[in-house]
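Q: Got start-v7.cif for you, mmCIF, C-alpha atoms:
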```cif
data_upload
loop_
_atom_site.group_PDB
_atom_site.id
_atom_site.type_symbol
_atom_site.label_atom_id
_atom_site.label_comp_id
_atom_site.auth_asym_id
_atom_site.auth_seq_id
_atom_site.Cartn_x
_atom_site.Cartn_y
_atom_site.Cartn_z
ATOM 1 C CA MET B 1 -53.456 -34.468 -45.125
ATOM 2 C CA ARG B 2 -50.843 -36.036 -47.387
ATOM 3 C CA ARG B 3 -49.030 -38.818 -45.604
ATOM 4 C CA GLN B 4 -46.280 -39.820 -48.067
ATOM 5 C CA VAL B 5 -45.968 -43.275 -46.542
ATOM 6 C CA PHE B 6 -44.471 -45.064 -49.555
ATOM 7 C CA VAL B 7 -42.971 -42.185 -51.524
ATOM 8 C CA GLN B 8 -41.396 -39.012 -50.181
ATOM 9 C CA ARG B 9 -40.494 -36.089 -52.423
ATOM 10 C CA HIS B 10 -37.265 -34.264 -51.644
ATOM 11 C CA ALA B 11 -36.956 -30.858 -53.234
ATOM 12 C CA GLN B 12 -33.685 -29.403 -54.419
ATOM 13 C CA ARG B 13 -33.090 -25.756 -55.148
ATOM 14 C CA GLY B 14 -32.928 -25.095 -58.854
ATOM 15 C CA ALA B 15 -33.571 -28.746 -59.722
ATOM 16 C CA ALA B 16 -36.465 -31.109 -60.143
ATOM 17 C CA GLY B 17 -35.710 -32.867 -56.847
ATOM 18 C CA TRP B 18 -35.839 -36.568 -56.163
ATOM 19 C CA TYR B 19 -38.009 -39.186 -54.488
ATOM 20 C CA ARG B 20 -37.302 -41.672 -51.727
ATOM 21 C CA ILE B 21 -39.286 -44.906 -51.871
ATOM 22 C CA HIS B 22 -39.984 -46.976 -48.767
ATOM 23 C CA PRO B 23 -37.612 -50.011 -48.798
ATOM 24 C CA LEU B 24 -40.442 -52.577 -48.810
ATOM 25 C CA PHE B 25 -42.230 -50.762 -51.631
ATOM 26 C CA ARG B 26 -38.941 -50.527 -53.557
ATOM 27 C CA GLU B 27 -38.398 -54.256 -53.103
ATOM 28 C CA PHE B 28 -41.911 -54.942 -54.407
ATOM 29 C CA LEU B 29 -41.390 -52.692 -57.443
ATOM 30 C CA CYS B 30 -38.015 -54.256 -58.234
ATOM 31 C CA GLU B 31 -39.496 -57.741 -58.007
ATOM 32 C CA LEU B 32 -42.318 -56.678 -60.314
ATOM 33 C CA LEU B 33 -39.847 -55.188 -62.773
ATOM 34 C CA THR B 34 -37.734 -58.358 -62.857
ATOM 35 C CA ARG B 35 -40.860 -60.295 -63.797
ATOM 36 C CA MET B 36 -41.721 -57.827 -66.567
ATOM 37 C CA LEU B 37 -38.253 -57.550 -68.144
ATOM 38 C CA ASP B 38 -35.751 -60.108 -69.306
ATOM 39 C CA ALA B 39 -32.340 -60.110 -67.618
ATOM 40 C CA ASP B 40 -30.618 -57.923 -70.240
ATOM 41 C CA ALA B 41 -33.383 -55.314 -70.212
ATOM 42 C CA TYR B 42 -33.353 -55.258 -66.412
ATOM 43 C CA ARG B 43 -29.574 -54.710 -66.337
ATOM 44 C CA ALA B 44 -29.926 -51.927 -68.933
ATOM 45 C CA HIS B 45 -32.606 -50.313 -66.752
ATOM 46 C CA LEU B 46 -30.313 -50.472 -63.707
ATOM 47 C CA GLN B 47 -27.517 -48.871 -65.730
ATOM 48 C CA GLN B 48 -29.839 -46.009 -66.706
ATOM 49 C CA LEU B 49 -30.801 -45.530 -63.070
ATOM 50 C CA ALA B 50 -27.132 -45.490 -62.144
ATOM 51 C CA GLN B 51 -26.431 -42.764 -64.713
ATOM 52 C CA GLY B 52 -29.217 -40.648 -63.239
ATOM 53 C CA CYS B 53 -27.903 -41.154 -59.711
ATOM 54 C CA ALA B 54 -24.383 -40.231 -60.776
ATOM 55 C CA ARG B 55 -25.624 -37.045 -62.472
ATOM 56 C CA ALA B 56 -27.523 -36.171 -59.275
ATOM 57 C CA GLY B 57 -24.351 -36.581 -57.211
ATOM 58 C CA GLN B 58 -25.398 -39.901 -55.660
ATOM 59 C CA VAL B 59 -22.226 -41.680 -56.729
ATOM 60 C CA GLU B 60 -22.319 -44.388 -54.071
ATOM 61 C CA ARG B 61 -25.867 -45.385 -55.021
ATOM 62 C CA ALA B 62 -24.899 -45.319 -58.700
ATOM 63 C CA ILE B 63 -22.028 -47.730 -58.042
ATOM 64 C CA GLU B 64 -24.334 -50.046 -56.082
ATOM 65 C CA LEU B 65 -26.785 -50.087 -59.002
ATOM 66 C CA LEU B 66 -24.005 -50.827 -61.487
ATOM 67 C CA LEU B 67 -22.845 -53.722 -59.338
ATOM 68 C CA GLU B 68 -26.407 -55.016 -59.162
ATOM 69 C CA ALA B 69 -26.495 -54.764 -62.976
ATOM 70 C CA ARG B 70 -23.284 -56.821 -63.094
ATOM 71 C CA SER B 71 -21.452 -53.891 -64.650
ATOM 72 C CA ALA B 72 -18.438 -53.909 -62.364
ATOM 73 C CA ARG B 73 -16.218 -52.374 -65.038
ATOM 74 C CA LEU B 74 -18.490 -49.325 -65.258
ATOM 75 C CA ALA B 75 -18.714 -49.207 -61.463
ATOM 76 C CA GLY B 76 -14.912 -49.199 -61.291
ATOM 77 C CA GLU B 77 -14.668 -46.385 -63.816
ATOM 78 C CA LEU B 78 -17.202 -44.339 -61.860
ATOM 79 C CA LEU B 79 -15.383 -44.978 -58.586
ATOM 80 C CA ALA B 80 -12.051 -43.987 -60.141
ATOM 81 C CA ARG B 81 -13.579 -40.663 -61.296
ATOM 82 C CA HIS B 82 -15.071 -39.860 -57.878
ATOM 83 C CA ALA B 83 -12.683 -41.521 -55.405
ATOM 84 C CA VAL B 84 -10.868 -38.274 -54.618
ATOM 85 C CA ASP B 85 -14.188 -36.600 -53.761
ATOM 86 C CA LEU B 86 -15.166 -39.476 -51.452
ATOM 87 C CA TRP B 87 -11.697 -39.363 -49.880
ATOM 88 C CA ARG B 88 -11.819 -35.614 -49.288
ATOM 89 C CA ALA B 89 -15.335 -35.880 -47.840
ATOM 90 C CA GLY B 90 -14.051 -38.353 -45.257
ATOM 91 C CA ARG B 91 -16.065 -41.231 -46.713
ATOM 92 C CA VAL B 92 -13.081 -43.540 -46.407
ATOM 93 C CA ARG B 93 -14.956 -46.620 -45.168
ATOM 94 C CA GLN B 94 -17.492 -46.308 -47.974
ATOM 95 C CA LEU B 95 -14.669 -45.920 -50.478
ATOM 96 C CA ALA B 96 -12.976 -49.085 -49.208
ATOM 97 C CA SER B 97 -16.262 -50.998 -49.191
ATOM 98 C CA LEU B 98 -17.185 -50.006 -52.740
ATOM 99 C CA ALA B 99 -13.682 -50.806 -54.006
ATOM 100 C CA ARG B 100 -13.814 -54.244 -52.347
ATOM 101 C CA GLN B 101 -17.227 -54.976 -53.870
ATOM 102 C CA ILE B 102 -15.994 -54.024 -57.328
ATOM 103 C CA ARG B 103 -12.848 -56.127 -56.958
ATOM 104 C CA GLU B 104 -14.887 -59.116 -55.769
ATOM 105 C CA ALA B 105 -17.207 -58.853 -58.783
ATOM 106 C CA GLU B 106 -14.630 -60.864 -60.768
ATOM 107 C CA GLU B 107 -13.679 -58.015 -63.048
ATOM 108 C CA PRO B 108 -10.099 -57.767 -64.311
ATOM 109 C CA GLU B 109 -8.239 -54.480 -64.643
ATOM 110 C CA THR B 110 -9.112 -52.951 -61.285
ATOM 111 C CA GLY B 111 -5.836 -51.056 -60.855
ATOM 112 C CA TRP B 112 -7.353 -47.748 -59.722
ATOM 113 C CA VAL B 113 -9.958 -49.530 -57.639
ATOM 114 C CA ASP B 114 -7.214 -51.490 -55.871
ATOM 115 C CA PHE B 115 -5.242 -48.285 -55.342
ATOM 116 C CA TRP B 116 -8.177 -46.466 -53.713
ATOM 117 C CA GLU B 117 -9.096 -49.480 -51.611
ATOM 118 C CA GLY B 118 -5.517 -49.588 -50.319
ATOM 119 C CA MET B 119 -5.520 -45.849 -49.615
ATOM 120 C CA ALA B 120 -8.820 -46.074 -47.767
ATOM 121 C CA LEU B 121 -7.758 -49.084 -45.724
ATOM 122 C CA SER B 122 -4.405 -47.553 -44.793
ATOM 123 C CA SER B 123 -6.137 -44.323 -43.774
ATOM 124 C CA HIS B 124 -8.668 -46.264 -41.700
ATOM 125 C CA ASP B 125 -5.859 -48.213 -40.000
ATOM 126 C CA GLU B 126 -3.992 -45.001 -39.145
ATOM 127 C CA SER B 127 -7.104 -43.335 -37.720
ATOM 128 C CA SER B 128 -7.867 -46.404 -35.583
ATOM 129 C CA SER B 129 -4.440 -46.288 -33.924
#
```
What would you get if you wrote out this structure as structure tokens?
A:
Amino acid sequence: MRRQVFVQRHAQRGAAGWYRIHPLFREFLCELLTRMLDADAYRAHLQQLAQGCARAGQVERAIELLLEARSARLAGELLARHAVDLWRAGRVRQLASLARQIREAEEPETGWVDFWEGMALSSHDESSS
């Protein structure tokens, strides 16, 4: 019997699929990786992971990884490209949260990020009324 306690494989039709790692195991692996790589190499690794997530349609996770890599500019560009999709999918709170995190990452030139944060917050306010 295969238990898949730390790693679970998720199949996708017509694709290689993806894996979900238990949060504690992920934390351990990330800590190990930070010890093995210098800061620049670690950030580059996170950016590569973010690209893979974005290609797999996991845009929110990709943005989180870019923010962790201190690449708020790239996170903002990714959000600007996918904000309409998040909006249409009803992921308004997530859109506002990601936009706020990008803005707070001390990156200039967040015009589109500010726009989508405002749209998401105004939509949330209207739906709360």
Q: Using all atoms listed in the file, which residue out of B:Val59, B:Leu98, B:Leu24, B:Val5 lies closest to Asp85 of chain B?
A: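 Closest to Asp85 of chain B of all the choices is B:Val59.
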Q: Run the PyMOL selection byres ((chain B and resi 67) around 10) against the file shown and list the residues it catches, as a compact mmCIF listing (two decimals) with C-alpha atoms, in the coordinates of the input.
A:
```
# COMPACT_ATOMS: atom_id res chain seq x y z
CA ARG B 43 -29.57 -54.71 -66.34
CA LEU B 46 -30.31 -50.47 -63.71
CA GLN B 47 -27.52 -48.87 -65.73
CA ALA B 50 -27.13 -45.49 -62.14
CA ARG B 61 -25.87 -45.38 -55.02
CA ALA B 62 -24.90 -45.32 -58.70
CA ILE B 63 -22.03 -47.73 -58.04
CA GLU B 64 -24.33 -50.05 -56.08
CA LEU B 65 -26.78 -50.09 -59.00
CA LEU B 66 -24.00 -50.83 -61.49
CA GLU B 68 -26.41 -55.02 -59.16
CA ALA B 69 -26.50 -54.76 -62.98
CA ARG B 70 -23.28 -56.82 -63.09
CA SER B 71 -21.45 -53.89 -64.65
CA ALA B 72 -18.44 -53.91 -62.36
CA ARG B 73 -16.22 -52.37 -65.04
CA LEU B 74 -18.49 -49.32 -65.26
CA ALA B 75 -18.71 -49.21 -61.46
CA GLY B 76 -14.91 -49.20 -61.29
CA LEU B 98 -17.18 -50.01 -52.74
CA GLN B 101 -17.23 -54.98 -53.87
CA ILE B 102 -15.99 -54.02 -57.33
CA ALA B 105 -17.21 -58.85 -58.78
```
Q: So how far away is atom CA of Gly90 of chain B from atom CA of Phe115 of chain B, in Å?
A: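 Interatomic distance, atom CA of Phe115 of chain B to atom CA of Gly90 of chain B: 16.7 Å.
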Q: How many Å separate atom CA of Ala120 of chain B from atom CA of Arg103 of chain B?
A: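 It comes out at 14.2 Å.
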Q: Atom CA of Pro23 of chain B and atom CA of Leu37 of chain B, how far apart in Å?
A: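 Distance between the two atoms: 20.8 Å.
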Q: Which residues, named as in the file, does the PyMOL selection byres ((chain B and resi 7) around 8) pick out? Answer as a compact mmCIF listing (two decimals) with C-alpha atoms, keeping the file's coordinate frame.
A:
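Done, and the output landed in expr_4.txt:
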```txt
# COMPACT_ATOMS: atom_id res chain seq x y z
CA GLN B 4 -46.28 -39.82 -48.07
CA VAL B 5 -45.97 -43.28 -46.54
CA PHE B 6 -44.47 -45.06 -49.56
CA GLN B 8 -41.40 -39.01 -50.18
CA ARG B 9 -40.49 -36.09 -52.42
CA TYR B 19 -38.01 -39.19 -54.49
CA ARG B 20 -37.30 -41.67 -51.73
CA ILE B 21 -39.29 -44.91 -51.87
CA HIS B 22 -39.98 -46.98 -48.77
```
Q: With distances taken over all atoms listed in the file, which of B:Ala56, B:Arg3, B:Glu77, B:Leu121 is nearest to Leu95 of chain B?
A: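 Result for the nearest residue to Leu95 of chain B: B:Leu121.
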